[in-house]
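Enquirer: Data: coords-v7.txt, compact mmCIF, C-alpha atoms.
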# COMPACT_ATOMS: atom_id res chain seq x y z
CA MET A 67 -147.49 -148.25 33.29
CA ARG A 68 -148.32 -144.67 34.14
CA ARG A 69 -145.09 -143.53 32.51
CA SER A 70 -145.84 -145.43 29.33
CA ILE A 71 -149.31 -143.80 29.15
CA MET A 72 -147.63 -140.42 29.43
CA LEU A 73 -145.24 -141.29 26.65
CA LEU A 74 -148.14 -142.44 24.54
CA ALA A 75 -149.92 -139.14 25.19
CA ILE A 76 -146.82 -137.20 24.16
CA ALA A 77 -146.53 -139.28 21.01
CA LEU A 78 -150.19 -138.60 20.17
CA VAL A 79 -149.81 -134.85 20.68
CA ALA A 80 -146.72 -134.84 18.49
CA ALA A 81 -148.50 -136.78 15.76
CA THR A 82 -151.48 -134.44 15.66
CA ALA A 83 -149.32 -131.30 15.83
CA THR A 84 -147.10 -132.26 12.89
CA PRO A 85 -149.63 -131.97 10.04
CA ALA A 86 -150.72 -128.51 11.18
CA MET A 87 -147.13 -127.30 11.06
CA ALA A 88 -146.26 -128.79 7.71
CA ALA A 89 -149.47 -127.56 5.95
CA GLU A 90 -151.19 -130.32 4.03
CA TRP A 91 -152.80 -130.14 0.64
CA LYS A 92 -156.54 -129.86 1.04
CA GLN A 93 -158.59 -131.18 -1.85
CA ILE A 94 -161.43 -128.76 -2.53
CA PHE A 95 -162.92 -130.72 -5.45
CA ASN A 96 -164.16 -134.08 -4.18
CA GLY A 97 -164.06 -135.81 -7.58
CA LYS A 98 -167.75 -136.66 -7.38
CA ASP A 99 -169.92 -133.55 -7.36
CA LEU A 100 -169.91 -129.76 -6.97
CA THR A 101 -170.21 -129.70 -3.18
CA GLY A 102 -168.45 -126.56 -1.97
CA TRP A 103 -168.73 -124.79 -5.31
CA LYS A 104 -171.29 -122.44 -6.83
CA GLN A 105 -171.85 -121.32 -10.42
CA VAL A 106 -172.51 -117.72 -11.46
CA GLY A 107 -173.05 -116.38 -14.95
CA PRO A 108 -173.86 -118.34 -18.12
CA GLY A 109 -173.17 -122.06 -18.52
CA HIS A 110 -172.08 -124.51 -15.87
CA PHE A 111 -169.64 -127.27 -14.98
CA GLU A 112 -170.29 -130.99 -15.08
CA VAL A 113 -168.46 -133.72 -13.25
CA GLU A 114 -167.44 -136.35 -15.80
CA ASN A 115 -165.35 -139.40 -14.85
CA GLY A 116 -164.13 -137.66 -11.71
CA MET A 117 -163.20 -134.49 -13.59
CA LEU A 118 -164.71 -131.01 -13.80
CA LYS A 119 -165.70 -130.09 -17.35
CA PRO A 120 -166.87 -126.59 -18.35
CA ILE A 121 -170.04 -126.22 -20.43
CA GLY A 122 -170.97 -122.98 -22.23
CA GLY A 123 -170.11 -119.70 -20.56
CA MET A 124 -168.63 -117.28 -19.92
CA GLY A 125 -169.30 -118.08 -16.31
CA LEU A 126 -167.52 -118.87 -13.10
CA LEU A 127 -167.62 -121.75 -10.65
CA TYR A 128 -166.36 -120.32 -7.39
CA TYR A 129 -165.29 -122.00 -4.19
CA THR A 130 -167.80 -121.19 -1.46
CA GLY A 131 -165.38 -121.79 1.41
CA GLY A 132 -164.53 -118.08 1.70
CA LYS A 133 -161.55 -115.89 0.91
CA ILE A 134 -158.12 -117.44 0.35
CA SER A 135 -154.77 -115.79 1.12
CA ASN A 136 -151.21 -116.84 1.88
CA SER A 137 -151.80 -120.15 0.15
CA VAL A 138 -150.83 -122.19 -2.85
CA ILE A 139 -153.69 -123.21 -5.14
CA ARG A 140 -152.93 -126.25 -7.26
CA VAL A 141 -154.97 -127.04 -10.34
CA VAL A 142 -154.35 -130.10 -12.50
CA PHE A 143 -155.99 -129.77 -15.90
CA LYS A 144 -155.78 -130.75 -19.54
CA VAL A 145 -156.74 -128.98 -22.72
CA THR A 146 -157.73 -131.03 -25.75
CA ASN A 147 -158.10 -128.42 -28.51
CA ALA A 148 -155.84 -125.50 -29.43
CA ASN A 149 -158.78 -123.09 -29.05
CA ASP A 150 -159.85 -124.28 -25.60
CA ASN A 151 -160.17 -121.48 -23.10
CA ALA A 152 -160.53 -121.50 -19.30
CA GLY A 153 -158.97 -119.85 -16.28
CA VAL A 154 -158.50 -119.78 -12.55
CA PHE A 155 -159.82 -116.68 -10.80
CA ILE A 156 -158.11 -115.42 -7.65
CA ARG A 157 -158.23 -112.39 -5.34
CA ILE A 158 -161.96 -111.71 -5.94
CA PRO A 159 -162.79 -109.14 -3.26
CA VAL A 160 -166.45 -110.06 -2.62
CA GLU A 161 -168.51 -113.21 -3.07
CA PRO A 162 -169.42 -113.35 -6.79
CA ARG A 163 -173.02 -113.03 -8.00
CA GLU A 164 -172.21 -112.76 -11.71
CA GLU A 165 -169.19 -113.19 -13.98
CA TRP A 166 -167.87 -109.65 -14.53
CA MET A 167 -167.02 -108.37 -11.07
CA PRO A 168 -164.41 -111.17 -10.77
CA VAL A 169 -162.87 -109.97 -14.06
CA ASN A 170 -162.64 -106.33 -13.06
CA TYR A 171 -161.78 -106.61 -9.37
CA GLY A 172 -159.97 -109.97 -9.23
CA TYR A 173 -157.44 -111.70 -11.50
CA GLU A 174 -157.87 -114.48 -14.00
CA THR A 175 -154.91 -116.79 -14.26
CA GLN A 176 -155.36 -117.61 -17.91
CA ILE A 177 -155.63 -121.02 -19.56
CA TYR A 178 -155.43 -120.46 -23.32
CA ASP A 179 -152.45 -121.53 -25.35
CA ALA A 180 -153.42 -119.57 -28.47
CA GLY A 181 -153.08 -116.23 -26.66
CA ASP A 182 -150.19 -113.78 -26.98
CA GLU A 183 -147.64 -113.32 -24.19
CA HIS A 184 -150.12 -111.27 -22.09
CA HIS A 185 -153.05 -113.65 -22.68
CA CYS A 186 -151.58 -117.16 -22.55
CA THR A 187 -151.62 -119.94 -20.00
CA GLY A 188 -150.23 -118.90 -16.64
CA VAL A 189 -150.35 -115.11 -16.99
CA LEU A 190 -152.64 -112.79 -15.06
CA TYR A 191 -154.94 -112.17 -18.01
CA SER A 192 -153.88 -109.07 -20.00
CA LEU A 193 -151.69 -107.80 -17.14
CA THR A 194 -148.48 -109.80 -16.99
CA THR A 195 -146.00 -111.06 -19.57
CA ALA A 196 -145.37 -114.80 -19.71
CA ALA A 197 -141.84 -115.54 -18.47
CA ALA A 198 -142.09 -118.86 -20.32
CA ARG A 199 -144.45 -120.97 -22.38
CA ALA A 200 -144.73 -124.06 -20.24
CA SER A 201 -147.93 -125.84 -21.31
CA LYS A 202 -147.87 -129.55 -22.02
CA PRO A 203 -149.06 -130.74 -25.45
CA LEU A 204 -152.80 -131.07 -26.02
CA GLY A 205 -154.32 -133.92 -24.07
CA GLU A 206 -151.57 -134.11 -21.45
CA TRP A 207 -152.04 -133.10 -17.82
CA ASN A 208 -150.74 -129.73 -16.66
CA THR A 209 -150.08 -128.77 -13.06
CA MET A 210 -150.53 -125.09 -12.29
CA GLU A 211 -149.59 -123.79 -8.86
CA ILE A 212 -150.70 -120.28 -7.96
CA THR A 213 -149.07 -118.86 -4.86
CA LEU A 214 -150.78 -116.00 -3.07
CA ASP A 215 -148.20 -114.55 -0.71
CA GLY A 216 -149.69 -111.31 0.62
CA PRO A 217 -149.68 -109.00 -2.41
CA HIS A 218 -147.32 -111.26 -4.33
CA THR A 219 -148.69 -113.68 -6.94
CA VAL A 220 -146.52 -116.43 -8.44
CA VAL A 221 -147.76 -118.85 -11.08
CA VAL A 222 -145.76 -121.98 -11.79
CA LEU A 223 -146.87 -124.16 -14.70
CA ASN A 224 -145.42 -127.67 -14.90
CA GLY A 225 -142.51 -126.60 -12.72
CA THR A 226 -141.68 -123.46 -14.72
CA LYS A 227 -142.42 -119.98 -13.40
CA VAL A 228 -144.67 -118.05 -15.80
CA THR A 229 -145.78 -115.13 -13.60
CA ASP A 230 -144.22 -113.30 -10.69
CA TYR A 231 -146.22 -110.19 -9.93
CA THR A 232 -146.49 -107.94 -6.91
CA GLU A 233 -149.34 -105.47 -6.48
CA GLY A 234 -148.45 -102.03 -7.71
CA GLN A 235 -146.02 -103.11 -10.42
CA PRO A 236 -146.74 -101.56 -13.84
CA VAL A 237 -149.09 -103.31 -16.26
CA PRO A 238 -149.87 -102.69 -19.95
CA GLU A 239 -152.73 -100.42 -20.98
CA ARG A 240 -156.19 -101.91 -21.21
CA THR A 241 -156.89 -102.44 -24.90
CA LYS A 242 -160.24 -104.30 -25.00
CA ASP A 243 -163.47 -103.63 -23.13
CA TYR A 244 -163.56 -107.22 -21.86
CA GLU A 245 -160.11 -106.92 -20.33
CA PRO A 246 -159.95 -106.31 -16.60
CA GLN A 247 -159.98 -102.86 -15.11
CA ARG A 248 -156.57 -102.01 -13.67
CA GLY A 249 -155.99 -101.44 -9.96
CA THR A 250 -154.91 -103.18 -6.79
CA ARG A 251 -156.37 -106.55 -5.89
CA PRO A 252 -156.83 -107.65 -2.27
CA ASN A 253 -154.48 -110.01 -0.44
CA ALA A 254 -157.42 -112.28 0.42
CA GLY A 255 -160.09 -113.20 -2.09
CA TYR A 256 -162.52 -115.74 -3.44
CA ILE A 257 -161.25 -118.16 -6.08
CA GLY A 258 -162.93 -120.01 -8.94
CA LEU A 259 -162.71 -121.78 -12.28
CA GLN A 260 -163.87 -120.17 -15.50
CA ASN A 261 -166.08 -121.87 -18.07
CA HIS A 262 -165.35 -120.11 -21.36
CA PRO A 263 -166.49 -121.27 -24.82
CA ARG A 264 -164.18 -121.37 -27.81
CA GLU A 265 -164.28 -118.54 -30.33
CA ASP A 266 -166.70 -120.57 -32.48
CA LYS A 267 -169.02 -120.80 -29.39
CA SER A 268 -168.50 -124.55 -28.94
CA ASP A 269 -167.66 -125.85 -25.48
CA SER A 270 -164.01 -125.85 -24.49
CA ALA A 271 -162.93 -129.42 -23.87
CA VAL A 272 -160.96 -128.61 -20.73
CA TYR A 273 -160.85 -131.05 -17.81
CA PHE A 274 -159.83 -130.31 -14.23
CA LYS A 275 -158.97 -133.35 -12.18
CA GLU A 276 -157.61 -131.70 -9.08
CA VAL A 277 -158.11 -128.42 -7.25
CA SER A 278 -156.36 -128.17 -3.94
CA ILE A 279 -155.07 -125.58 -1.50
CA LYS A 280 -152.15 -125.53 0.91
CA LYS A 281 -151.52 -122.76 3.42
CA LEU A 282 -148.09 -121.18 3.22
CA GLY A 283 -145.91 -122.08 6.18
CA LYS A 284 -146.04 -118.73 7.96
CA MET B 164 -157.74 -61.97 29.60
CA SER B 165 -159.20 -62.81 32.96
CA LYS B 166 -159.08 -66.32 34.27
CA ARG B 167 -162.84 -66.36 34.43
CA LEU B 168 -163.25 -65.31 30.79
CA MET B 169 -160.78 -67.99 29.76
CA LEU B 170 -162.79 -70.61 31.60
CA VAL B 171 -166.00 -69.41 29.98
CA LEU B 172 -164.44 -69.47 26.50
CA ALA B 173 -162.92 -72.89 27.11
CA PHE B 174 -166.26 -74.17 28.30
CA LEU B 175 -168.06 -72.74 25.27
CA ALA B 176 -165.49 -74.15 22.87
CA PHE B 177 -165.64 -77.58 24.46
CA GLY B 178 -169.42 -77.46 24.63
CA SER B 179 -169.84 -76.64 20.94
CA LEU B 180 -167.36 -79.33 19.88
CA ALA B 181 -169.14 -81.94 21.96
CA ALA B 182 -172.54 -80.86 20.69
CA GLY B 183 -171.32 -81.14 17.11
CA ALA B 184 -170.12 -84.67 17.66
CA GLU B 185 -173.37 -85.67 19.33
CA THR B 186 -175.91 -84.36 16.89
CA GLY B 187 -173.98 -84.85 13.65
CA GLU B 188 -173.72 -81.76 11.50
CA TRP B 189 -174.46 -81.71 7.80
CA LYS B 190 -171.24 -81.90 5.86
CA GLN B 191 -171.36 -80.67 2.27
CA LEU B 192 -169.67 -83.15 -0.08
CA PHE B 193 -170.10 -81.09 -3.24
CA ASN B 194 -168.29 -77.78 -3.05
CA GLY B 195 -170.51 -76.07 -5.64
CA LYS B 196 -167.52 -75.34 -7.89
CA ASP B 197 -165.85 -78.50 -9.13
CA LEU B 198 -165.72 -82.27 -8.64
CA THR B 199 -162.97 -82.30 -6.02
CA GLY B 200 -163.51 -85.42 -3.90
CA TRP B 201 -165.41 -87.24 -6.65
CA LYS B 202 -164.39 -89.63 -9.40
CA HIS B 203 -166.25 -90.84 -12.47
CA VAL B 204 -166.33 -94.39 -13.83
CA GLY B 205 -168.09 -95.82 -16.86
CA PRO B 206 -169.49 -94.06 -19.95
CA GLY B 207 -170.42 -90.39 -20.02
CA ARG B 208 -169.40 -87.87 -17.42
CA MET B 209 -170.52 -85.31 -14.85
CA TYR B 210 -169.53 -81.68 -14.91
CA VAL B 211 -170.22 -78.57 -12.87
CA GLU B 212 -172.03 -75.58 -14.33
CA ASP B 213 -173.82 -72.75 -12.51
CA GLY B 214 -173.11 -74.41 -9.16
CA LEU B 215 -174.80 -77.65 -10.20
CA ILE B 216 -173.50 -81.15 -10.93
CA LYS B 217 -174.91 -82.03 -14.34
CA THR B 218 -175.15 -85.49 -15.86
CA GLU B 219 -174.03 -86.13 -19.42
CA GLY B 220 -174.33 -89.42 -21.31
CA GLY B 221 -174.02 -92.72 -19.53
CA MET B 222 -174.55 -95.11 -18.00
CA GLY B 223 -171.85 -94.11 -15.58
CA LEU B 224 -171.24 -93.29 -11.94
CA LEU B 225 -169.67 -90.39 -10.09
CA TYR B 226 -168.58 -91.75 -6.72
CA TRP B 227 -167.38 -90.04 -3.58
CA THR B 228 -163.70 -90.91 -3.17
CA SER B 229 -163.34 -90.53 0.60
CA GLY B 230 -164.28 -94.11 1.40
CA LYS B 231 -167.13 -96.17 2.74
CA VAL B 232 -169.97 -94.59 4.65
CA SER B 233 -172.37 -96.11 7.19
CA ASP B 234 -174.73 -95.03 9.95
CA CYS B 235 -175.45 -91.72 8.35
CA THR B 236 -177.95 -89.81 6.28
CA ILE B 237 -177.07 -88.78 2.74
CA ARG B 238 -179.05 -85.80 1.43
CA VAL B 239 -179.25 -84.95 -2.26
CA VAL B 240 -181.16 -82.04 -3.76
CA PHE B 241 -181.84 -82.53 -7.45
CA ARG B 242 -184.09 -81.66 -10.32
CA MET B 243 -184.84 -83.16 -13.67
CA ARG B 244 -184.12 -81.10 -16.79
CA ASP B 245 -187.30 -82.34 -18.49
CA LYS B 246 -190.62 -83.38 -16.98
CA ASN B 247 -188.94 -86.70 -16.26
CA ASP B 248 -185.34 -87.89 -16.41
CA ASN B 249 -183.52 -90.91 -15.06
CA SER B 250 -180.66 -90.89 -12.54
CA GLY B 251 -179.97 -92.42 -9.15
CA VAL B 252 -177.92 -92.46 -5.98
CA PHE B 253 -175.82 -95.56 -5.42
CA ILE B 254 -175.19 -96.73 -1.88
CA ARG B 255 -173.65 -99.72 -0.05
CA ILE B 256 -171.11 -100.43 -2.83
CA PRO B 257 -168.74 -102.97 -1.22
CA VAL B 258 -165.51 -102.07 -3.06
CA GLU B 259 -164.20 -98.91 -4.70
CA PRO B 260 -165.81 -98.78 -8.17
CA ARG B 261 -163.74 -99.12 -11.36
CA GLU B 262 -166.69 -99.41 -13.75
CA GLU B 263 -170.47 -99.03 -13.64
CA TRP B 264 -171.84 -102.58 -13.21
CA MET B 265 -170.32 -103.84 -9.97
CA PRO B 266 -172.19 -101.04 -8.13
CA VAL B 267 -175.46 -102.28 -9.72
CA HIS B 268 -175.02 -105.91 -8.69
CA TYR B 269 -173.33 -105.55 -5.31
CA GLY B 270 -174.71 -102.19 -4.11
CA TYR B 271 -178.12 -100.50 -4.34
CA GLU B 272 -179.34 -97.76 -6.60
CA VAL B 273 -181.84 -95.44 -4.98
CA GLN B 274 -183.78 -94.68 -8.12
CA VAL B 275 -184.58 -91.30 -9.64
CA ASP B 276 -187.33 -91.81 -12.26
CA ASN B 277 -190.95 -90.68 -11.90
CA GLU B 278 -192.18 -92.48 -15.00
CA PRO B 279 -190.78 -96.02 -14.93
CA GLU B 280 -193.79 -97.26 -16.91
CA LYS B 281 -192.43 -95.42 -19.95
CA SER B 282 -189.53 -97.88 -20.02
CA ASN B 283 -191.80 -100.87 -19.29
CA GLU B 284 -190.82 -100.94 -15.64
CA ASP B 285 -193.22 -101.28 -12.71
CA GLU B 286 -193.48 -99.18 -9.56
CA TYR B 287 -190.49 -100.97 -8.01
CA HIS B 288 -188.47 -98.69 -10.27
CA TYR B 289 -189.93 -95.36 -9.05
CA THR B 290 -188.05 -92.46 -7.44
CA GLY B 291 -186.91 -93.37 -3.94
CA THR B 292 -187.09 -97.16 -4.29
CA LEU B 293 -184.08 -99.45 -4.12
CA TYR B 294 -184.16 -100.05 -7.85
CA SER B 295 -186.25 -103.13 -8.75
CA LEU B 296 -186.18 -104.38 -5.13
CA THR B 297 -188.59 -102.30 -3.04
CA LYS B 298 -192.12 -101.02 -3.57
CA PRO B 299 -192.65 -97.28 -3.06
CA MET B 300 -194.74 -96.53 0.07
CA VAL B 301 -195.75 -93.29 -1.66
CA LYS B 302 -194.91 -91.66 -4.97
CA ALA B 303 -193.36 -88.43 -3.81
CA GLY B 304 -191.13 -87.38 -6.72
CA LYS B 305 -191.65 -83.97 -8.30
CA PRO B 306 -191.37 -83.50 -12.06
CA GLY B 307 -188.80 -81.17 -13.58
CA PRO B 308 -188.00 -78.36 -13.15
CA GLU B 309 -189.06 -78.58 -9.50
CA TRP B 310 -186.42 -79.37 -6.89
CA ASN B 311 -186.54 -82.60 -4.89
CA THR B 312 -184.87 -83.38 -1.58
CA MET B 313 -184.01 -87.02 -1.03
CA GLU B 314 -182.64 -88.26 2.28
CA ILE B 315 -181.18 -91.74 2.43
CA THR B 316 -180.50 -93.09 5.89
CA LEU B 317 -178.09 -95.98 6.31
CA ASP B 318 -178.71 -97.39 9.78
CA GLY B 319 -176.70 -100.58 10.00
CA PRO B 320 -178.52 -103.01 7.68
CA ARG B 321 -181.60 -100.77 7.45
CA THR B 322 -182.12 -98.32 4.58
CA ILE B 323 -184.72 -95.55 4.75
CA VAL B 324 -185.42 -93.21 1.86
CA VAL B 325 -187.44 -90.03 2.36
CA VAL B 326 -188.36 -88.00 -0.72
CA ASN B 327 -189.70 -84.49 -0.22
CA GLY B 328 -190.58 -85.30 3.40
CA GLN B 329 -192.38 -88.57 2.66
CA LYS B 330 -191.02 -92.03 3.40
CA VAL B 331 -190.79 -94.06 0.20
CA THR B 332 -188.56 -96.95 1.30
CA ASP B 333 -187.89 -98.70 4.60
CA TYR B 334 -185.92 -101.85 3.91
CA THR B 335 -183.82 -104.06 6.17
CA GLU B 336 -181.35 -106.55 4.73
CA GLY B 337 -182.80 -110.01 4.39
CA GLN B 338 -186.39 -108.96 3.75
CA PRO B 339 -187.95 -110.53 0.65
CA VAL B 340 -187.62 -108.86 -2.76
CA PRO B 341 -189.39 -109.60 -6.07
CA GLU B 342 -187.92 -111.86 -8.73
CA ARG B 343 -185.39 -110.38 -11.09
CA LYS B 344 -187.13 -109.51 -14.38
CA PHE B 345 -184.45 -107.92 -16.58
CA ASP B 346 -180.76 -108.72 -17.01
CA PHE B 347 -179.87 -105.12 -16.20
CA GLU B 348 -181.56 -105.38 -12.82
CA PRO B 349 -179.32 -105.95 -9.81
CA GLN B 350 -178.37 -109.40 -8.64
CA HIS B 351 -180.02 -110.19 -5.34
CA GLY B 352 -178.22 -110.75 -2.06
CA ARG B 353 -177.13 -108.96 1.06
CA ARG B 354 -175.50 -105.59 0.81
CA PRO B 355 -172.88 -104.44 3.33
CA ASP B 356 -173.62 -102.07 6.19
CA LYS B 357 -170.77 -99.84 4.95
CA GLY B 358 -170.24 -98.89 1.36
CA TRP B 359 -169.10 -96.42 -1.24
CA PHE B 360 -171.75 -94.18 -2.74
CA GLY B 361 -172.25 -92.08 -5.84
CA LEU B 362 -174.53 -90.42 -8.38
CA GLN B 363 -175.62 -92.02 -11.64
CA ASN B 364 -175.53 -90.43 -15.09
CA HIS B 365 -178.02 -92.63 -16.92
CA SER B 366 -178.04 -91.72 -20.62
CA LYS B 367 -177.72 -88.85 -23.06
CA ASP B 368 -181.50 -88.31 -22.94
CA ASP B 369 -181.61 -88.21 -19.16
CA VAL B 370 -180.22 -85.03 -17.67
CA VAL B 371 -180.45 -84.44 -13.93
CA PHE B 372 -178.97 -81.54 -11.94
CA TYR B 373 -177.73 -81.92 -8.37
CA LYS B 374 -177.26 -78.79 -6.29
CA GLU B 375 -176.48 -80.37 -2.95
CA VAL B 376 -174.92 -83.59 -1.72
CA ALA B 377 -174.50 -83.67 2.03
CA MET B 378 -173.97 -86.22 4.77
CA LYS B 379 -174.71 -86.33 8.47
CA SER B 380 -173.69 -89.03 10.98
CA LEU B 381 -176.46 -90.74 12.91
CA LYS B 382 -176.53 -90.09 16.65
CA LYS B 383 -175.24 -93.30 18.14
Will you turn the file into structure tokens for me?

Expert:
Amino acid sequence: MRRSIMLLAIALVAATATPAMAAEWKQIFNGKDLTGWKQVGPGHFEVENGMLKPIGGMGLLYYTGGKISNSVIRVVFKVTNANDNAGVFIRIPVEPREEWMPVNYGYETQIYDAGDEHHCTGVLYSLTTAAARASKPLGEWNTMEITLDGPHTVVVLNGTKVTDYTEGQPVPERTKDYEPQRGTRPNAGYIGLQNHPREDKSDSAVYFKEVSIKKLGK
Amino acid sequence: MSKRLMLVLAFLAFGSLAAGAETGEWKQLFNGKDLTGWKHVGPGRMYVEDGLIKTEGGMGLLYWTSGKVSDCTIRVVFRMRDKNDNSGVFIRIPVEPREEWMPVHYGYEVQVDNEPEKSNEDEYHYTGTLYSLTKPMVKAGKPGPEWNTMEITLDGPRTIVVVNGQKVTDYTEGQPVPERKFDFEPQHGRRPDKGWFGLQNHSKDDVVFYKEVAMKSLKK
């Protein structure tokens, strides 16, 4: 009897220890409301049929759970119009209060299929060159995984690597005043989703159905 | 050299070093000749002429590149070119500036402007206030071309500003501030105990001359 209790205890310990080692995906959007998120800047996000939908902008819905590092961020989204624009901000050094500090001191992982190779889906906006164009057709779900591995940022879109950038590598010159200032980004930073209108000022019809994080196994 | 003299000299040397560390000596951050140790971001520029840092154009920021400062007093000696001109001293900037707006929204500007009413601003925008956030305890700014001495003490989360010997601001993080009235006013929220700091060049019509920028550690 006593021995079987001990075995049971060992089994329980093993069961609880396993998930911590393997690193589980943690859903940070609950599918119902904006608990754990905060909007800064113009516009906002709505939850519609279990999905996050940007309204107006340019603004930022950031995750209030603190800085993220050595993790994979997974975003599942769809774009329904060729001019839809959005993005996933990473490596924001301080908690955002407005929409421009994240641009100039963090990175935007771009969502915009009409952009050139430095401004299209999966690049670090204006800074990296797309290794591939990997977006699904309009209306289909895309899975974007952004890996923050110390100073190394990897973006995989639908299984294809689009960006592989390490802090300090050369970037193109800044050509527009709304492009980010150049310079090193921190290993740990706040993250968020961008609400960005189309060029004609109408709302981008972008939907996010999943935002989750997994710690790297280190 | 006698053993006794050596001991005396050693004692004196040690004594003066220790005293320096205890009391905190004023360290000059502007060398009077050029902008070594400083970097400009945003529109306009600063330049040195006749031993003075002079503002030109703007709005921009000349920040001190040696890193974050805390638990210290920053002393600036400045004068306005005209009867009144606009400038400021930024403090508690959480990350190294790359442009002029992050310092506004995430740091403080200790204002330099004796006539805020002329730009439709209230007294919360007067020389020595934390711009738009604190009410001046006294109005102690001198018009150009008189020199002003402003001492800004960063004591943990507490900020004290003394202008020409009179305390204008005594603010501790978390105390209430008025509502934000203009979109160019800073976002509200806690500022860090340690931060980068710098001098503002406000606009082409606002010219301010700085002849001294110095810093002293607090005795702690």

Enquirer: I want to know what sits within 9 Å of Trp103 (chain A), based on all atoms listed in the file, with residues of the same chain fewer than 6 positions away left out; could you give that as an MDAnalysis selection string?

Expert: chainID A and resid 94:95 127:131 258

Enquirer: If we count only C-alpha atoms, what is near Ile237 (chain B) at a cut-off of 6 Å, once residues fewer than 6 positions away on the same chain are taken out, given as an MDAnalysis selection string?

Expert: chainID B and resid 314:315 377:378

Enquirer: Mind giving me the straight-line distance from CA of Glu262 (chain B) to CA of His262 (chain A) in Å, one decimal?

Expert: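 Distance reported for this atom pair: 22.1 Å.
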
Enquirer: Considering only C-alpha atoms, state which residue in the set A:Tyr244, A:Trp207, A:Tyr178, A:Tyr171 is at the smallest distance from chain B.

Expert: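 Looking only at the distances to chain B, the closest residue turns out to be A:Tyr171.
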
Enquirer: Got a sec to pull out which chain B residues are within 7 Å of chain A, counting only C-alpha atoms, and send them as a PyMOL selection string?

Expert: chain B and resi 261+265+350

Enquirer: Closest to Asp346 (chain B) among B:Val240, B:Asp248, B:Val267, B:Glu278, using all atoms listed in the file?

Expert: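 Closest to Asp346 (chain B), using all atoms listed in the file: B:Val267.
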
Enquirer: Given only C-alpha atoms as the basis, pick out the residue of A:Gly172, A:Gly125, A:Thr241, A:Asn147 nearest to Phe111 (chain A).

Expert: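 Selected residue with least distance to Phe111 (chain A): A:Gly125.
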
Enquirer: By how many Å are CA of Val154 (chain A) and CA of Leu126 (chain A) apart?

Expert: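 Taking CA of Val154 (chain A) and CA of Leu126 (chain A), their separation equals 9.1 Å.
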
Enquirer: Could you add N, CA and C atoms to region 267-280 of chain B and give me the result as a compact mmCIF listing (two decimals), in the coordinates of the input?

Expert:
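As written to disk, selection_2.txt reads:
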# COMPACT_ATOMS: atom_id res chain seq x y z
N VAL B 267 -174.08 -101.81 -9.50
CA VAL B 267 -175.46 -102.28 -9.72
C VAL B 267 -175.70 -103.59 -8.99
N HIS B 268 -174.77 -104.54 -9.16
CA HIS B 268 -175.02 -105.91 -8.69
C HIS B 268 -174.64 -106.17 -7.24
N TYR B 269 -173.81 -105.30 -6.68
CA TYR B 269 -173.33 -105.55 -5.31
C TYR B 269 -173.69 -104.42 -4.36
N GLY B 270 -174.19 -103.30 -4.91
CA GLY B 270 -174.71 -102.19 -4.11
C GLY B 270 -176.19 -102.01 -4.41
N TYR B 271 -176.75 -100.87 -3.99
CA TYR B 271 -178.12 -100.50 -4.34
C TYR B 271 -178.10 -99.21 -5.13
N GLU B 272 -179.07 -99.07 -6.03
CA GLU B 272 -179.34 -97.76 -6.60
C GLU B 272 -180.65 -97.26 -6.01
N VAL B 273 -180.59 -96.12 -5.36
CA VAL B 273 -181.84 -95.44 -4.98
C VAL B 273 -182.27 -94.69 -6.23
N GLN B 274 -183.39 -95.11 -6.78
CA GLN B 274 -183.78 -94.68 -8.12
C GLN B 274 -184.26 -93.23 -8.16
N VAL B 275 -183.99 -92.59 -9.29
CA VAL B 275 -184.58 -91.30 -9.64
C VAL B 275 -185.23 -91.49 -11.01
N ASP B 276 -186.55 -91.62 -11.03
CA ASP B 276 -187.33 -91.81 -12.26
C ASP B 276 -188.80 -91.81 -11.87
N ASN B 277 -189.53 -90.77 -12.28
CA ASN B 277 -190.95 -90.68 -11.90
C ASN B 277 -191.87 -91.39 -12.88
N GLU B 278 -191.33 -91.84 -13.99
CA GLU B 278 -192.18 -92.48 -15.00
C GLU B 278 -191.58 -93.81 -15.47
N PRO B 279 -191.40 -94.74 -14.53
CA PRO B 279 -190.78 -96.02 -14.93
C PRO B 279 -191.60 -96.78 -15.96
N GLU B 280 -192.92 -96.54 -15.96
CA GLU B 280 -193.79 -97.26 -16.91
C GLU B 280 -193.42 -96.94 -18.36
